[in-house]
Structure formats: C-alpha cells, structure tokens
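Chemist: My structure file structure-v5.txt, compact mmCIF, C-alpha atoms, is below:
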# COMPACT_ATOMS: atom_id res chain seq x y z
CA LYS B 1 -85.87 156.08 76.69
CA GLN B 2 -87.24 154.09 79.62
CA GLU B 3 -88.58 150.63 78.80
CA VAL B 4 -90.54 148.58 81.32
CA THR B 5 -90.98 144.83 80.99
CA GLN B 6 -93.08 142.43 83.01
CA ILE B 7 -92.49 138.70 83.02
CA PRO B 8 -94.38 136.41 82.87
CA ALA B 9 -97.20 137.77 80.75
CA ALA B 10 -99.58 135.29 82.36
CA LEU B 11 -99.49 133.21 85.50
CA SER B 12 -101.85 130.61 86.89
CA VAL B 13 -101.52 129.31 90.47
CA PRO B 14 -103.64 127.28 92.91
CA GLU B 15 -105.24 129.10 95.79
CA GLY B 16 -103.05 129.52 98.85
CA GLU B 17 -99.77 129.65 96.98
CA ASN B 18 -97.27 132.48 97.44
CA LEU B 19 -96.18 134.11 94.20
CA VAL B 20 -93.84 136.73 92.79
CA LEU B 21 -94.44 139.07 89.88
CA ASN B 22 -91.50 140.74 88.18
CA CYS B 23 -90.96 144.17 86.70
CA SER B 24 -87.74 145.36 85.08
CA PHE B 25 -86.76 148.77 83.74
CA THR B 26 -83.86 149.94 81.61
CA ASP B 27 -82.91 153.28 83.18
CA SER B 28 -82.23 153.45 86.92
CA ALA B 29 -82.85 157.23 87.06
CA ILE B 30 -86.38 156.92 88.44
CA TYR B 31 -88.47 158.84 90.98
CA ASN B 32 -90.62 155.95 92.04
CA LEU B 33 -92.29 152.72 91.01
CA GLN B 34 -95.98 152.01 91.44
CA TRP B 35 -97.83 148.68 91.29
CA PHE B 36 -101.46 148.56 90.13
CA ARG B 37 -104.08 145.91 89.59
CA GLN B 38 -106.61 146.09 86.79
CA ASP B 39 -109.77 144.00 86.80
CA PRO B 40 -111.41 143.23 83.42
CA GLY B 41 -113.25 146.26 82.08
CA LYS B 42 -112.20 148.39 85.03
CA GLY B 43 -109.72 151.12 85.83
CA LEU B 44 -106.41 150.77 87.64
CA THR B 45 -106.27 150.41 91.41
CA SER B 46 -103.08 151.52 93.10
CA LEU B 47 -101.54 148.81 95.29
CA LEU B 48 -98.17 150.12 96.39
CA LEU B 49 -95.87 153.05 95.65
CA ILE B 50 -92.13 152.78 96.31
CA GLN B 51 -90.06 155.94 96.21
CA SER B 52 -86.60 155.69 94.66
CA SER B 53 -84.97 156.00 98.10
CA GLN B 54 -86.92 153.04 99.49
CA ARG B 55 -86.21 149.32 99.21
CA GLU B 56 -89.67 147.94 99.90
CA GLN B 57 -93.26 148.64 100.82
CA THR B 58 -95.84 146.38 102.41
CA SER B 59 -99.61 146.39 102.47
CA GLY B 60 -101.42 143.41 103.92
CA ARG B 61 -100.48 140.30 101.92
CA LEU B 62 -98.55 142.37 99.39
CA ASN B 63 -94.88 143.26 99.52
CA ALA B 64 -93.09 145.21 96.81
CA SER B 65 -89.33 145.53 96.58
CA LEU B 66 -87.18 147.85 94.52
CA ASP B 67 -83.58 147.41 93.40
CA LYS B 68 -82.75 150.52 91.36
CA SER B 69 -79.21 149.50 90.52
CA SER B 70 -80.34 146.30 88.82
CA GLY B 71 -83.48 147.88 87.39
CA ARG B 72 -85.87 145.46 89.06
CA SER B 73 -88.94 145.37 91.24
CA THR B 74 -90.92 142.42 92.52
CA LEU B 75 -94.44 142.18 93.86
CA TYR B 76 -94.85 139.33 96.34
CA ILE B 77 -98.37 138.10 97.05
CA ALA B 78 -98.74 135.82 100.04
CA ALA B 79 -101.42 133.16 100.41
CA SER B 80 -103.08 133.96 97.08
CA GLN B 81 -106.88 134.01 96.83
CA PRO B 82 -109.25 133.78 93.84
CA GLY B 83 -110.05 137.47 94.40
CA ASP B 84 -106.43 138.29 93.54
CA SER B 85 -107.11 137.27 89.92
CA ALA B 86 -106.47 140.37 87.80
CA THR B 87 -103.82 141.97 85.62
CA TYR B 88 -100.96 143.52 87.57
CA LEU B 89 -99.14 146.49 86.10
CA CYS B 90 -96.01 148.27 87.22
CA ALA B 91 -95.29 151.89 86.31
CA VAL B 92 -92.00 153.71 86.61
CA GLY B 93 -91.94 157.45 87.31
CA ALA B 94 -89.01 158.94 85.39
CA GLY B 95 -88.27 162.15 83.55
CA ASN B 96 -91.58 163.97 83.49
CA GLN B 97 -93.91 161.01 83.07
CA PHE B 98 -94.79 157.44 83.95
CA TYR B 99 -93.85 154.41 81.88
CA PHE B 100 -96.02 151.31 82.15
CA GLY B 101 -95.15 147.66 81.73
CA THR B 102 -97.30 145.34 79.65
CA GLY B 103 -98.72 143.60 82.70
CA THR B 104 -98.96 140.11 84.16
CA SER B 105 -102.35 138.42 84.00
CA LEU B 106 -102.80 136.41 87.21
CA THR B 107 -105.34 133.66 87.67
CA VAL B 108 -105.73 132.07 91.10
CA ILE B 109 -107.53 128.74 90.84
CA PRO B 110 -109.86 127.81 93.72
CA ASP V 111 -117.26 159.28 96.85
CA THR V 112 -115.56 158.75 93.49
CA ALA V 113 -112.06 160.19 93.52
CA VAL V 114 -111.50 160.36 89.74
CA SER V 115 -114.56 160.17 87.52
CA GLN V 116 -114.94 160.07 83.75
CA THR V 117 -117.91 160.47 81.44
CA PRO V 118 -119.07 158.78 79.40
CA LYS V 119 -118.10 155.21 80.30
CA TYR V 120 -118.84 153.99 76.78
CA LEU V 121 -118.75 155.97 73.55
CA VAL V 122 -119.67 154.53 70.17
CA THR V 123 -119.41 156.86 67.21
CA GLN V 124 -118.74 156.95 63.49
CA MET V 125 -115.57 157.90 61.70
CA GLY V 126 -115.21 161.61 61.12
CA ASN V 127 -117.20 162.69 64.14
CA ASP V 128 -115.94 164.94 66.93
CA LYS V 129 -116.34 163.79 70.53
CA SER V 130 -115.30 164.78 74.05
CA ILE V 131 -114.50 162.83 77.19
CA LYS V 132 -114.73 164.57 80.54
CA CYS V 133 -112.66 163.93 83.66
CA GLU V 134 -113.03 165.30 87.17
CA GLN V 135 -111.05 164.65 90.35
CA ASN V 136 -112.12 165.60 93.86
CA LEU V 137 -108.78 164.84 95.53
CA GLY V 138 -107.39 168.36 95.39
CA HIS V 139 -104.53 167.18 93.19
CA ASP V 140 -102.45 169.55 91.08
CA THR V 141 -101.65 167.16 88.22
CA MET V 142 -103.93 165.30 85.83
CA TYR V 143 -103.17 162.88 83.00
CA TRP V 144 -104.72 161.22 79.98
CA TYR V 145 -103.64 157.71 79.00
CA LYS V 146 -104.61 155.49 76.09
CA GLN V 147 -104.84 151.72 76.55
CA ASP V 148 -104.75 149.82 73.28
CA SER V 149 -106.18 146.44 72.40
CA LYS V 150 -103.07 144.73 73.78
CA LYS V 151 -103.67 146.45 77.13
CA PHE V 152 -100.57 148.63 76.81
CA LEU V 153 -100.94 151.98 78.60
CA LYS V 154 -99.29 155.04 77.13
CA ILE V 155 -99.41 158.58 78.40
CA MET V 156 -100.90 161.17 76.08
CA PHE V 157 -101.02 164.40 78.07
CA SER V 158 -100.27 165.75 81.51
CA TYR V 159 -101.44 169.01 83.05
CA ASN V 160 -100.05 170.59 86.20
CA ASN V 161 -102.07 173.45 87.69
CA LYS V 162 -103.91 173.85 84.39
CA GLU V 163 -100.68 174.04 82.39
CA LEU V 164 -99.62 171.44 79.84
CA ILE V 165 -96.40 169.70 80.91
CA ILE V 166 -96.43 166.53 78.80
CA ASN V 167 -97.61 166.27 75.24
CA GLU V 168 -96.51 162.97 73.81
CA THR V 169 -96.57 162.17 70.11
CA VAL V 170 -100.29 162.33 69.69
CA PRO V 171 -102.12 163.48 66.54
CA ASN V 172 -103.21 167.11 66.83
CA ARG V 173 -106.78 165.89 66.41
CA PHE V 174 -106.55 165.26 70.16
CA SER V 175 -106.80 168.42 72.24
CA PRO V 176 -106.88 168.47 76.04
CA LYS V 177 -108.53 171.30 77.91
CA SER V 178 -108.24 172.07 81.59
CA PRO V 179 -110.80 174.68 82.71
CA ASP V 180 -109.58 174.34 86.30
CA LYS V 181 -107.35 172.12 88.43
CA ALA V 182 -110.11 169.60 89.06
CA HIS V 183 -111.04 169.01 85.42
CA LEU V 184 -109.19 167.76 82.36
CA ASN V 185 -111.26 167.09 79.27
CA LEU V 186 -110.17 165.40 76.07
CA HIS V 187 -111.60 166.52 72.75
CA ILE V 188 -111.06 164.41 69.64
CA ASN V 189 -111.70 165.74 66.14
CA SER V 190 -112.29 163.72 62.99
CA LEU V 191 -112.31 160.35 64.73
CA GLU V 192 -110.55 157.46 63.00
CA LEU V 193 -110.87 153.69 63.40
CA GLY V 194 -107.46 153.57 65.09
CA ASP V 195 -108.69 155.83 67.86
CA SER V 196 -110.73 152.94 69.25
CA ALA V 197 -109.27 152.20 72.68
CA VAL V 198 -109.89 152.72 76.37
CA TYR V 199 -108.95 156.19 77.58
CA PHE V 200 -108.04 156.67 81.22
CA CYS V 201 -107.82 159.84 83.19
CA ALA V 202 -105.58 159.95 86.28
CA SER V 203 -104.42 162.45 88.86
CA SER V 204 -101.60 162.85 91.35
CA GLN V 205 -100.85 165.34 94.11
CA ARG V 206 -97.91 166.78 92.18
CA ALA V 207 -96.23 165.89 88.91
CA HIS V 208 -94.62 162.48 88.39
CA SER V 209 -93.17 161.65 91.79
CA TYR V 210 -96.47 161.07 93.53
CA GLU V 211 -98.99 158.25 93.59
CA GLN V 212 -101.41 158.19 90.67
CA TYR V 213 -105.14 157.59 90.99
CA PHE V 214 -107.03 156.40 87.94
CA GLY V 215 -110.55 156.89 86.71
CA PRO V 216 -112.70 153.97 85.50
CA GLY V 217 -111.92 154.55 81.84
CA THR V 218 -113.91 155.43 78.74
CA ARG V 219 -114.20 152.74 76.09
CA LEU V 220 -114.27 154.50 72.71
CA THR V 221 -115.39 152.52 69.68
CA VAL V 222 -115.16 154.14 66.26
CA THR V 223 -117.15 152.42 63.51
Take the structure from the file and write it as structure tokens.
Modeler:
Amino acid sequence: KQEVTQIPAALSVPEGENLVLNCSFTDSAIYNLQWFRQDPGKGLTSLLLIQSSQREQTSGRLNASLDKSSGRSTLYIAASQPGDSATYLCAVGAGNQFYFGTGTSLTVIP
Amino acid sequence: DTAVSQTPKYLVTQMGNDKSIKCEQNLGHDTMYWYKQDSKKFLKIMFSYNNKELIINETVPNRFSPKSPDKAHLNLHINSLELGDSAVYFCASSQRAHSYEQYFGPGTRLTVT
C-alpha cells in the first residue's frame, strides 16, 4: 500500500527566504504527483501537477521536482512571502486513487 | 464562477440523525471524489465515481452512501450519524480517473453532537 510522508510537519522562515518542502512515497508505481496548498478553514488549491514521465514543473515562484526511483518530490518556493503561509500537501496518484501526505504547515514571518 | 461547489458549508446535527451533503462541478469532468479530513488534517479518499459509476469504495461504514444523479453531481448521504463522523468532507473532480489534476470544493464541516 502506498504511504506518503511529508517532512517537516511545520516550518517557519523569514520573508524573502527560499525554501524546500519534501514529500516521499513508498511505491514508485505512480501516475502523477500533485502539490496543493490549504489555507485555514478552506479547501485545497492545486499548485502543480507532475506526471510520472516528467522530472519537474514550474509555476511562477514555485518549482516541483519528481524522482520516481527514489520515491521523492520537492516543492521549491523562491523569495517567500507572508501570503505563502499555509499548509502544503502532496498527493500521489497510484492504483485507482490518490494518496495524501500529512502536510507541512508553513509560516512566513514578515 | 465556482468550479466545484458544496452545500452546506457547515452542518451541525445530533447523533442518530440522517444528513446529506451536495456537490456540483461545472468543469465538465468525468470523475468525482469524496474525501474525509480528520482532526489531524489527514485526507483520506472515501468514494470515487467515473461517469456516474462507482470506481472506488474505500473501507467506509455502509452508513455512508454516495449518489451520482449525473456526471456533474455527487452527493453524500450519511445515516445514523455518530460522533466520530465529525470532520471536514471535501468533494473533488478530475477530467478522468486518477491520472489527471484534481480540483477541490471548499469543504463541508460536519459537527455531530
């Protein structure tokens, strides 16, 4: 069974810093990996989707990479801003469903 | 325009009651999902429908019954509510099953007293 882990569980950084969030999964037989952000009391907003054949995807200040063989993905956020404060979740598409990690709670301090 | 919408946003009810949560997507997607997010913020899939047919039915008590009247709607009916059913329930959709980007609704916070 696929297990998805996100480390660290919480991260606090000063504004302007670049940062990396990690996501690891146990089974490399995946279709894709999707990164989301969740603001308190809100739904999930899709940030990036990487198909299993891709190595990375970029959107603005965000860059997500995927290494299927090692079971890892990273989300790189450049020049962090207070508005980036949220919980970031990764989800792996495998089998006939999606498996979510437990999330990283990010706080960007002004 | 809201892509995936859910009603109600908040639902407070007593143990033993029966309640429904509605979900609608206007994206023209074939696949819809229900997820449960517990108090520790962990998201777990409950059901998935593709073209109105059930394709995923995780280990969920049979008090939970999804119904898809058409491709754009997936409702969740819960019988005999229990305290442990308190959670946030999210509806999501994707163009096709599992290999496509998912879009989530705003969630329904269910509190059972």
Chemist: CA of Gly103 (chain B) and CA of Tyr88 (chain B) are how many Å apart?
Modeler: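 Atom-to-atom, CA of Gly103 (chain B) and CA of Tyr88 (chain B) are spaced 5.4 Å apart.
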Chemist: Ala197 (chain V): which residues within 8 Å, counting all atoms listed in the file, same-chain residues fewer than 3 positions away excluded, as a list in words?
Modeler: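 Neighbouring residues, sequence-local ones excluded: Lys146, Gln147, Asp148, Ser149, Gly194, Arg219, Leu220 and Thr221 of chain V.
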Chemist: Skipping near chain neighbours, those fewer than 5 positions away, what residues fall within 6 Å of Ile188 (chain V) using all atoms listed in the file, listed as a PyMOL selection string?
Modeler: chain V and resi 128-129+173-174
Chemist: What are the residues of chain V lining chain B at 9 Å or less? Count all atoms listed in the file, and put the answer as a PyMOL selection string.
Modeler: chain V and resi 150-155+158+165-166+200+207-217+219
Chemist: What lies within 9 Å of Ile7 (chain B) using all atoms listed in the file, ignoring chain neighbours under 3 positions off, as a PyMOL selection string?
Modeler: chain B and resi 10+21-24+102-104
Chemist: Of the residues B:Ile77, B:Asp39, B:Asp67, B:Leu62, which is the one nearest to Val20 (chain B), using all atoms listed in the file?
Modeler: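 Ranked by minimum distance to Val20 (chain B), first place goes to B:Ile77.
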Chemist: In Å, how far is it from CA of Gln116 (chain V) to CA of Asn167 (chain V)?
Modeler: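 Calculated distance between CA of Gln116 (chain V) and CA of Asn167 (chain V) is 20.3 Å.
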Chemist: Could you please determine the separation between CA of Thr223 (chain V) and CA of Glu192 (chain V) in Å, to one decimal place?
Modeler: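 The value is 8.3 Å.
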Chemist: When distances are computed from only C-alpha atoms, which of V:Ser204, V:Tyr159, V:Val198, V:Thr117 shows the smallest separation from Asn136 (chain V)?
Modeler: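 Of V:Ser204, V:Tyr159, V:Val198, V:Thr117, the one nearest Asn136 (chain V), counting only C-alpha atoms, is V:Ser204.
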Chemist: Please define a box with edges along x, y and z of the file around all atoms of region 179-184 of chain V given in the file, extend it by 6 Å on each side, and return its centre and edge lengths in Å to one decimal, as AutoDock Vina command-line options.
Modeler:
--center_x -109.2 --center_y 171.2 --center_z 85.7 --size_x 15.7 --size_y 18.9 --size_z 18.7
Chemist: Closest to Lys1 (chain B) among B:Ala78, B:Cys90, B:Ala29, B:Ala64, using only C-alpha atoms?
Modeler: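 Nearest to Lys1 (chain B): B:Ala29.
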Chemist: May I ask which of the residues B:Gln54, B:Ser69, B:Ser105, B:Gln81 is the closest one to Ser28 (chain B), counting all atoms listed in the file?
Modeler: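 Of B:Gln54, B:Ser69, B:Ser105, B:Gln81, the one nearest Ser28 (chain B), counting all atoms listed in the file, is B:Ser69.
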Chemist: Counting only C-alpha atoms, figure out which residue out of V:Gly126, V:Gln135, V:Glu163, V:Tyr120 gets nearest to Tyr199 (chain V).
Modeler: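 Between V:Gly126, V:Gln135, V:Glu163, V:Tyr120, the residue approaching Tyr199 (chain V) most closely is V:Tyr120.
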